[in-house]
Amino acid sequence: DTGVSQNPRHKITKRGQNVTFRCDPISEHNRLYWYRQTLGQGPEFLTYFQNEAQLEKSRLLSDRFSAERPKGSFSTLEIQRTEQGDSAMYLCASSYTEQGITEAFFGQGTRLTVV
Amino acid sequence: QKEVEQNSGPLSVPEGAIASLNCTYSDRGSQSFFWYRQYSGKSPELIMSIYSNGDKEDGRFTAQLNKASQYVSLLIRDSQPSDSATYLCAVRMYGNYQLIWGAGTKLIIKP
């Protein structure tokens, strides 16, 4: 399977715990994005990497959120001291830009429930 | 005013008919436009992209872009029950790497 892969698919955690999600993008894609989606809403941008560099981070992303993409391959998103408001679907997407054409493809998502 | 607006629906269309989904955007600097389909509990799936004014056809899907009026639409011909999903419009502005999303239109195809 050469699509975007996310792990785990589901995560239930207690409030205050730390969680980490992983995303493996499509291998030839140089750009990687993290989004968050809640019920009835479109995805909300969190952060973006080009290769290993984190080029953009949403103002909505609190200090409890951190993302890395070592070596420009897979990426991790960590949420520290989780809160109930963090419950959402966390989506990873990757893309390759050529001649101005950029199409982003999503992984299956990680559904986080904070209890 | 939201940057990307869609009617939340639900839009109910009989099987075999044409489903028409619309999206308006506020930033005239927008240059790339995408339609994603999302089934309940699943992630968005890219179905169409369009970059220039006019129509773009792919199978039963046609995307239409009108930059002067700042709208993009998606037509689904010969609608099937499997087309029932939420359709998300996403827009990328010039010089910006993130996608700006509408909240989606829920489409129901009635057999």
# chains A, B, ... in the order shown; residues from 1 in each chain; ligands from 1

$ closest_atom_pairs --of "chain B" --to "chain A" --cutoff "6 Å" --atoms "only C-alpha atoms" --output "tab-separated table"
residue	atom	partner	partner_atom	distance
B:Ser43	CA	A:Gln108	CA	5.3
B:Trp101	CA	A:Gly42	CA	5.5
B:Gly102	CA	A:Gly42	CA	5.6
B:Ala103	CA	A:Gly42	CA	4.3

$ residues_around --residues "Val115 in chain A" --least-positions-apart "3" --cutoff "8 Å" --atoms "only C-alpha atoms" --output "NGL selection string"
:A and (12-15 or 84)

$ residues_around --residues "Ile108 in chain B" --least-positions-apart "4" --cutoff "7 Å" --atoms "only C-alpha atoms" --output "PyMOL selection string"
chain B and resi 10-13+84-85

$ write_last_selection --atoms "N, CA and C atoms" --output "mmCIF file, in the first residue's frame"
data_model
loop_
_atom_site.group_PDB
_atom_site.id
_atom_site.type_symbol
_atom_site.label_atom_id
_atom_site.label_comp_id
_atom_site.auth_asym_id
_atom_site.auth_seq_id
_atom_site.Cartn_x
_atom_site.Cartn_y
_atom_site.Cartn_z
ATOM 1 N N PRO B 10 -28.822 18.667 4.562
ATOM 2 C CA PRO B 10 -28.514 17.710 3.507
ATOM 3 C C PRO B 10 -29.196 18.030 2.183
ATOM 4 N N LEU B 11 -28.484 17.670 1.111
ATOM 5 C CA LEU B 11 -29.008 17.781 -0.233
ATOM 6 C C LEU B 11 -29.464 16.394 -0.654
ATOM 7 N N SER B 12 -30.742 16.260 -0.953
ATOM 8 C CA SER B 12 -31.300 14.960 -1.306
ATOM 9 C C SER B 12 -31.568 14.913 -2.806
ATOM 10 N N VAL B 13 -31.009 13.903 -3.467
ATOM 11 C CA VAL B 13 -31.106 13.784 -4.924
ATOM 12 C C VAL B 13 -31.542 12.362 -5.264
ATOM 13 N N SER B 84 -23.484 8.996 -1.701
ATOM 14 C CA SER B 84 -23.951 9.630 -0.455
ATOM 15 C C SER B 84 -22.777 9.804 0.490
ATOM 16 N N ALA B 85 -22.482 11.042 0.820
ATOM 17 C CA ALA B 85 -21.314 11.379 1.636
ATOM 18 C C ALA B 85 -21.347 12.877 1.902
#

$ residues_around --residues "range 28-31 of chain B" --least-positions-apart "4" --cutoff "6 Å" --atoms "only C-alpha atoms" --output "mmCIF file with N, CA, C and O atoms, in the first residue's frame"
data_model
loop_
_atom_site.group_PDB
_atom_site.id
_atom_site.type_symbol
_atom_site.label_atom_id
_atom_site.label_comp_id
_atom_site.auth_asym_id
_atom_site.auth_seq_id
_atom_site.Cartn_x
_atom_site.Cartn_y
_atom_site.Cartn_z
ATOM 1 N N ARG B 92 -6.768 26.755 -1.876
ATOM 2 C CA ARG B 92 -5.416 27.183 -1.509
ATOM 3 C C ARG B 92 -5.157 28.551 -2.118
ATOM 4 O O ARG B 92 -5.349 28.752 -3.311
ATOM 5 N N MET B 93 -4.718 29.458 -1.269
ATOM 6 C CA MET B 93 -4.423 30.810 -1.739
ATOM 7 C C MET B 93 -3.001 30.886 -2.256
ATOM 8 O O MET B 93 -2.135 30.105 -1.858
ATOM 9 N N TYR B 94 -2.747 31.818 -3.135
ATOM 10 C CA TYR B 94 -1.429 31.984 -3.725
ATOM 11 C C TYR B 94 -0.398 32.222 -2.627
ATOM 12 O O TYR B 94 -0.607 33.052 -1.740
#

$ residues_around --residues "Arg77 in chain B" --least-positions-apart "4" --cutoff "10 Å" --atoms "only C-alpha atoms" --output "list in words"
Glu15, Gly16, Ala17, Ile18, Ala19, Ser20, Gly59, Arg60, Phe61 and Thr62 of chain B

$ residues_around --residues "Ser40 in chain B" --least-positions-apart "2" --cutoff "8 Å" --atoms "only C-alpha atoms" --output "JSON, numbers by chain"
{"B": [38, 42, 85, 86]}

$ write_last_selection --atoms "N, CA, C and O atoms" --output "PDB file, in the first residue's frame"
ATOM      1  N   GLN B  38     -16.052  12.723   1.767  1.00  0.00           N
ATOM      2  CA  GLN B  38     -15.771  12.136   3.077  1.00  0.00           C
ATOM      3  C   GLN B  38     -16.972  11.323   3.539  1.00  0.00           C
ATOM      4  O   GLN B  38     -18.057  11.858   3.755  1.00  0.00           O
ATOM      5  N   LYS B  42     -14.675   8.466   8.194  1.00  0.00           N
ATOM      6  CA  LYS B  42     -13.485   8.235   7.362  1.00  0.00           C
ATOM      7  C   LYS B  42     -12.784   9.549   7.070  1.00  0.00           C
ATOM      8  O   LYS B  42     -13.286  10.619   7.370  1.00  0.00           O
ATOM      9  N   ALA B  85     -22.482  11.042   0.820  1.00  0.00           N
ATOM     10  CA  ALA B  85     -21.314  11.379   1.636  1.00  0.00           C
ATOM     11  C   ALA B  85     -21.347  12.877   1.902  1.00  0.00           C
ATOM     12  O   ALA B  85     -22.235  13.584   1.425  1.00  0.00           O
ATOM     13  N   THR B  86     -20.373  13.354   2.623  1.00  0.00           N
ATOM     14  CA  THR B  86     -20.181  14.797   2.776  1.00  0.00           C
ATOM     15  C   THR B  86     -19.101  15.245   1.800  1.00  0.00           C
ATOM     16  O   THR B  86     -18.046  14.612   1.708  1.00  0.00           O
TER      17      THR B  86
END

$ select_by_dssp --residues "chain B" --states "strand (DSSP E or B)" --output "MDAnalysis selection string"
chainID B and resid 4:5 11:14 19:25 30:38 45:50 54:58 61:66 71:76 85:93 100:101 105:110

$ closest_residue --among "A:Thr82, A:Thr38, A:Ser94, A:Thr113" --to "Asp24 in chain A" --atoms "only C-alpha atoms"
A:Ser94

$ atom_distance --atom1 "CA of Ser95 in chain A" --atom2 "CA of Arg9 in chain A"
21.0 Å

$ atom_distance --atom1 "CA of Ser87 in chain A" --atom2 "CA of Gln17 in chain A"
12.7 Å

$ residues_around --residues "Glu52 in chain A" --least-positions-apart "6" --cutoff "8 Å" --atoms "only C-alpha atoms" --output "MDAnalysis selection string"
chainID A and resid 68:73

$ write_last_selection --atoms "all heavy atoms" --output "compact mmCIF listing (two decimals), in the first residue's frame"
# COMPACT_ATOMS: atom_id res chain seq x y z
N GLU A 68 7.06 16.80 14.70
CA GLU A 68 8.41 16.64 14.17
C GLU A 68 8.34 15.83 12.89
O GLU A 68 7.44 15.02 12.70
CB GLU A 68 9.31 15.91 15.18
CG GLU A 68 9.58 16.67 16.45
CD GLU A 68 10.51 15.90 17.37
OE1 GLU A 68 10.66 14.68 17.19
OE2 GLU A 68 11.09 16.53 18.28
N ARG A 69 9.36 16.02 12.08
CA ARG A 69 9.50 15.19 10.89
C ARG A 69 11.01 14.95 10.67
O ARG A 69 11.63 15.54 9.78
CB ARG A 69 8.88 15.84 9.66
CG ARG A 69 8.77 14.88 8.50
CD ARG A 69 8.20 15.53 7.26
NE ARG A 69 8.08 14.54 6.19
CZ ARG A 69 7.96 14.85 4.92
NH1 ARG A 69 7.93 16.12 4.54
NH2 ARG A 69 7.84 13.91 4.01
N PRO A 70 11.59 14.11 11.50
CA PRO A 70 13.03 13.86 11.38
C PRO A 70 13.37 13.22 10.04
O PRO A 70 12.62 12.35 9.56
CB PRO A 70 13.33 12.90 12.54
CG PRO A 70 12.02 12.27 12.85
CD PRO A 70 10.97 13.28 12.53
N LYS A 71 14.42 13.70 9.42
CA LYS A 71 14.91 13.14 8.15
C LYS A 71 13.91 13.31 7.01
O LYS A 71 14.05 12.68 5.96
CB LYS A 71 15.29 11.66 8.29
CG LYS A 71 16.33 11.39 9.36
CD LYS A 71 16.61 9.91 9.49
CE LYS A 71 17.60 9.66 10.63
NZ LYS A 71 17.86 8.22 10.84
N GLY A 72 12.89 14.11 7.22
CA GLY A 72 11.95 14.38 6.14
C GLY A 72 11.13 13.19 5.71
O GLY A 72 10.59 13.19 4.60
N SER A 73 11.00 12.20 6.58
CA SER A 73 10.21 11.02 6.20
C SER A 73 8.91 11.00 7.00
O SER A 73 8.04 11.82 6.76
CB SER A 73 11.03 9.75 6.40
OG SER A 73 11.48 9.67 7.76

$ atom_distance --atom1 "CA of Ala53 in chain A" --atom2 "CA of Tyr25 in chain B"
29.6 Å

$ decode --residues "range 31-64 of chain B" --atoms "N, CA and C atoms" --output "PDB file, in the first residue's frame"
ATOM      1  N   GLN B  31      -5.952  30.228  -5.777  1.00  0.00           N
ATOM      2  CA  GLN B  31      -5.536  29.765  -7.080  1.00  0.00           C
ATOM      3  C   GLN B  31      -5.764  28.279  -7.326  1.00  0.00           C
ATOM      4  N   SER B  32      -5.979  27.517  -6.261  1.00  0.00           N
ATOM      5  CA  SER B  32      -6.171  26.082  -6.410  1.00  0.00           C
ATOM      6  C   SER B  32      -7.419  25.671  -5.656  1.00  0.00           C
ATOM      7  N   PHE B  33      -8.199  24.776  -6.285  1.00  0.00           N
ATOM      8  CA  PHE B  33      -9.504  24.442  -5.729  1.00  0.00           C
ATOM      9  C   PHE B  33      -9.688  22.935  -5.785  1.00  0.00           C
ATOM     10  N   PHE B  34     -10.216  22.390  -4.710  1.00  0.00           N
ATOM     11  CA  PHE B  34     -10.298  20.941  -4.590  1.00  0.00           C
ATOM     12  C   PHE B  34     -11.651  20.525  -4.035  1.00  0.00           C
ATOM     13  N   TRP B  35     -12.122  19.390  -4.526  1.00  0.00           N
ATOM     14  CA  TRP B  35     -13.303  18.758  -3.935  1.00  0.00           C
ATOM     15  C   TRP B  35     -12.875  17.422  -3.337  1.00  0.00           C
ATOM     16  N   TYR B  36     -13.244  17.233  -2.082  1.00  0.00           N
ATOM     17  CA  TYR B  36     -12.993  15.985  -1.386  1.00  0.00           C
ATOM     18  C   TYR B  36     -14.332  15.359  -0.992  1.00  0.00           C
ATOM     19  N   ARG B  37     -14.363  14.054  -0.987  1.00  0.00           N
ATOM     20  CA  ARG B  37     -15.524  13.301  -0.516  1.00  0.00           C
ATOM     21  C   ARG B  37     -15.143  12.664   0.816  1.00  0.00           C
ATOM     22  N   GLN B  38     -16.052  12.723   1.767  1.00  0.00           N
ATOM     23  CA  GLN B  38     -15.771  12.136   3.077  1.00  0.00           C
ATOM     24  C   GLN B  38     -16.972  11.323   3.539  1.00  0.00           C
ATOM     25  N   TYR B  39     -16.751  10.021   3.682  1.00  0.00           N
ATOM     26  CA  TYR B  39     -17.770   9.162   4.269  1.00  0.00           C
ATOM     27  C   TYR B  39     -17.693   9.281   5.786  1.00  0.00           C
ATOM     28  N   SER B  40     -18.806   9.016   6.431  1.00  0.00           N
ATOM     29  CA  SER B  40     -18.890   9.168   7.885  1.00  0.00           C
ATOM     30  C   SER B  40     -17.820   8.345   8.594  1.00  0.00           C
ATOM     31  N   GLY B  41     -17.052   8.993   9.436  1.00  0.00           N
ATOM     32  CA  GLY B  41     -16.013   8.314  10.208  1.00  0.00           C
ATOM     33  C   GLY B  41     -14.730   8.037   9.445  1.00  0.00           C
ATOM     34  N   LYS B  42     -14.675   8.466   8.194  1.00  0.00           N
ATOM     35  CA  LYS B  42     -13.485   8.235   7.362  1.00  0.00           C
ATOM     36  C   LYS B  42     -12.784   9.549   7.070  1.00  0.00           C
ATOM     37  N   SER B  43     -11.620   9.461   6.457  1.00  0.00           N
ATOM     38  CA  SER B  43     -10.863  10.665   6.124  1.00  0.00           C
ATOM     39  C   SER B  43     -11.284  11.186   4.748  1.00  0.00           C
ATOM     40  N   PRO B  44     -10.986  12.458   4.443  1.00  0.00           N
ATOM     41  CA  PRO B  44     -11.346  13.007   3.124  1.00  0.00           C
ATOM     42  C   PRO B  44     -10.584  12.322   1.996  1.00  0.00           C
ATOM     43  N   GLU B  45     -11.259  12.158   0.887  1.00  0.00           N
ATOM     44  CA  GLU B  45     -10.693  11.519  -0.308  1.00  0.00           C
ATOM     45  C   GLU B  45     -10.781  12.512  -1.461  1.00  0.00           C
ATOM     46  N   LEU B  46      -9.646  12.808  -2.073  1.00  0.00           N
ATOM     47  CA  LEU B  46      -9.627  13.763  -3.181  1.00  0.00           C
ATOM     48  C   LEU B  46     -10.344  13.181  -4.404  1.00  0.00           C
ATOM     49  N   ILE B  47     -11.304  13.947  -4.935  1.00  0.00           N
ATOM     50  CA  ILE B  47     -11.982  13.481  -6.133  1.00  0.00           C
ATOM     51  C   ILE B  47     -11.750  14.401  -7.327  1.00  0.00           C
ATOM     52  N   MET B  48     -11.547  15.703  -7.111  1.00  0.00           N
ATOM     53  CA  MET B  48     -11.320  16.615  -8.226  1.00  0.00           C
ATOM     54  C   MET B  48     -10.441  17.771  -7.779  1.00  0.00           C
ATOM     55  N   SER B  49      -9.613  18.244  -8.699  1.00  0.00           N
ATOM     56  CA  SER B  49      -8.880  19.484  -8.490  1.00  0.00           C
ATOM     57  C   SER B  49      -9.083  20.341  -9.729  1.00  0.00           C
ATOM     58  N   ILE B  50      -9.101  21.653  -9.546  1.00  0.00           N
ATOM     59  CA  ILE B  50      -9.264  22.549 -10.682  1.00  0.00           C
ATOM     60  C   ILE B  50      -8.480  23.818 -10.409  1.00  0.00           C
ATOM     61  N   TYR B  51      -7.803  24.326 -11.453  1.00  0.00           N
ATOM     62  CA  TYR B  51      -6.876  25.432 -11.255  1.00  0.00           C
ATOM     63  C   TYR B  51      -7.199  26.635 -12.148  1.00  0.00           C
ATOM     64  N   SER B  52      -7.981  26.419 -13.214  1.00  0.00           N
ATOM     65  CA  SER B  52      -8.280  27.521 -14.124  1.00  0.00           C
ATOM     66  C   SER B  52      -9.776  27.583 -14.379  1.00  0.00           C
ATOM     67  N   ASN B  53     -10.226  28.738 -14.822  1.00  0.00           N
ATOM     68  CA  ASN B  53     -11.650  28.956 -15.081  1.00  0.00           C
ATOM     69  C   ASN B  53     -12.183  27.946 -16.092  1.00  0.00           C
ATOM     70  N   GLY B  54     -13.440  27.570 -15.896  1.00  0.00           N
ATOM     71  CA  GLY B  54     -14.075  26.669 -16.830  1.00  0.00           C
ATOM     72  C   GLY B  54     -14.448  25.360 -16.183  1.00  0.00           C
ATOM     73  N   ASP B  55     -14.641  24.354 -17.016  1.00  0.00           N
ATOM     74  CA  ASP B  55     -15.073  23.037 -16.557  1.00  0.00           C
ATOM     75  C   ASP B  55     -13.931  22.033 -16.676  1.00  0.00           C
ATOM     76  N   LYS B  56     -13.946  21.097 -15.749  1.00  0.00           N
ATOM     77  CA  LYS B  56     -13.012  19.972 -15.801  1.00  0.00           C
ATOM     78  C   LYS B  56     -13.812  18.715 -15.503  1.00  0.00           C
ATOM     79  N   GLU B  57     -13.738  17.755 -16.419  1.00  0.00           N
ATOM     80  CA  GLU B  57     -14.552  16.548 -16.290  1.00  0.00           C
ATOM     81  C   GLU B  57     -13.667  15.349 -15.992  1.00  0.00           C
ATOM     82  N   ASP B  58     -14.183  14.469 -15.110  1.00  0.00           N
ATOM     83  CA  ASP B  58     -13.493  13.215 -14.797  1.00  0.00           C
ATOM     84  C   ASP B  58     -14.563  12.184 -14.493  1.00  0.00           C
ATOM     85  N   GLY B  59     -14.859  11.358 -15.496  1.00  0.00           N
ATOM     86  CA  GLY B  59     -15.899  10.355 -15.319  1.00  0.00           C
ATOM     87  C   GLY B  59     -17.256  11.014 -15.092  1.00  0.00           C
ATOM     88  N   ARG B  60     -17.920  10.651 -14.007  1.00  0.00           N
ATOM     89  CA  ARG B  60     -19.236  11.225 -13.709  1.00  0.00           C
ATOM     90  C   ARG B  60     -19.143  12.582 -13.020  1.00  0.00           C
ATOM     91  N   PHE B  61     -17.945  13.023 -12.715  1.00  0.00           N
ATOM     92  CA  PHE B  61     -17.745  14.278 -11.983  1.00  0.00           C
ATOM     93  C   PHE B  61     -17.300  15.403 -12.919  1.00  0.00           C
ATOM     94  N   THR B  62     -17.873  16.590 -12.711  1.00  0.00           N
ATOM     95  CA  THR B  62     -17.434  17.795 -13.403  1.00  0.00           C
ATOM     96  C   THR B  62     -17.261  18.910 -12.379  1.00  0.00           C
ATOM     97  N   ALA B  63     -16.074  19.484 -12.351  1.00  0.00           N
ATOM     98  CA  ALA B  63     -15.831  20.656 -11.510  1.00  0.00           C
ATOM     99  C   ALA B  63     -15.920  21.899 -12.387  1.00  0.00           C
ATOM    100  N   GLN B  64     -16.513  22.950 -11.851  1.00  0.00           N
ATOM    101  CA  GLN B  64     -16.654  24.201 -12.574  1.00  0.00           C
ATOM    102  C   GLN B  64     -16.085  25.324 -11.707  1.00  0.00           C
TER     103      GLN B  64
END
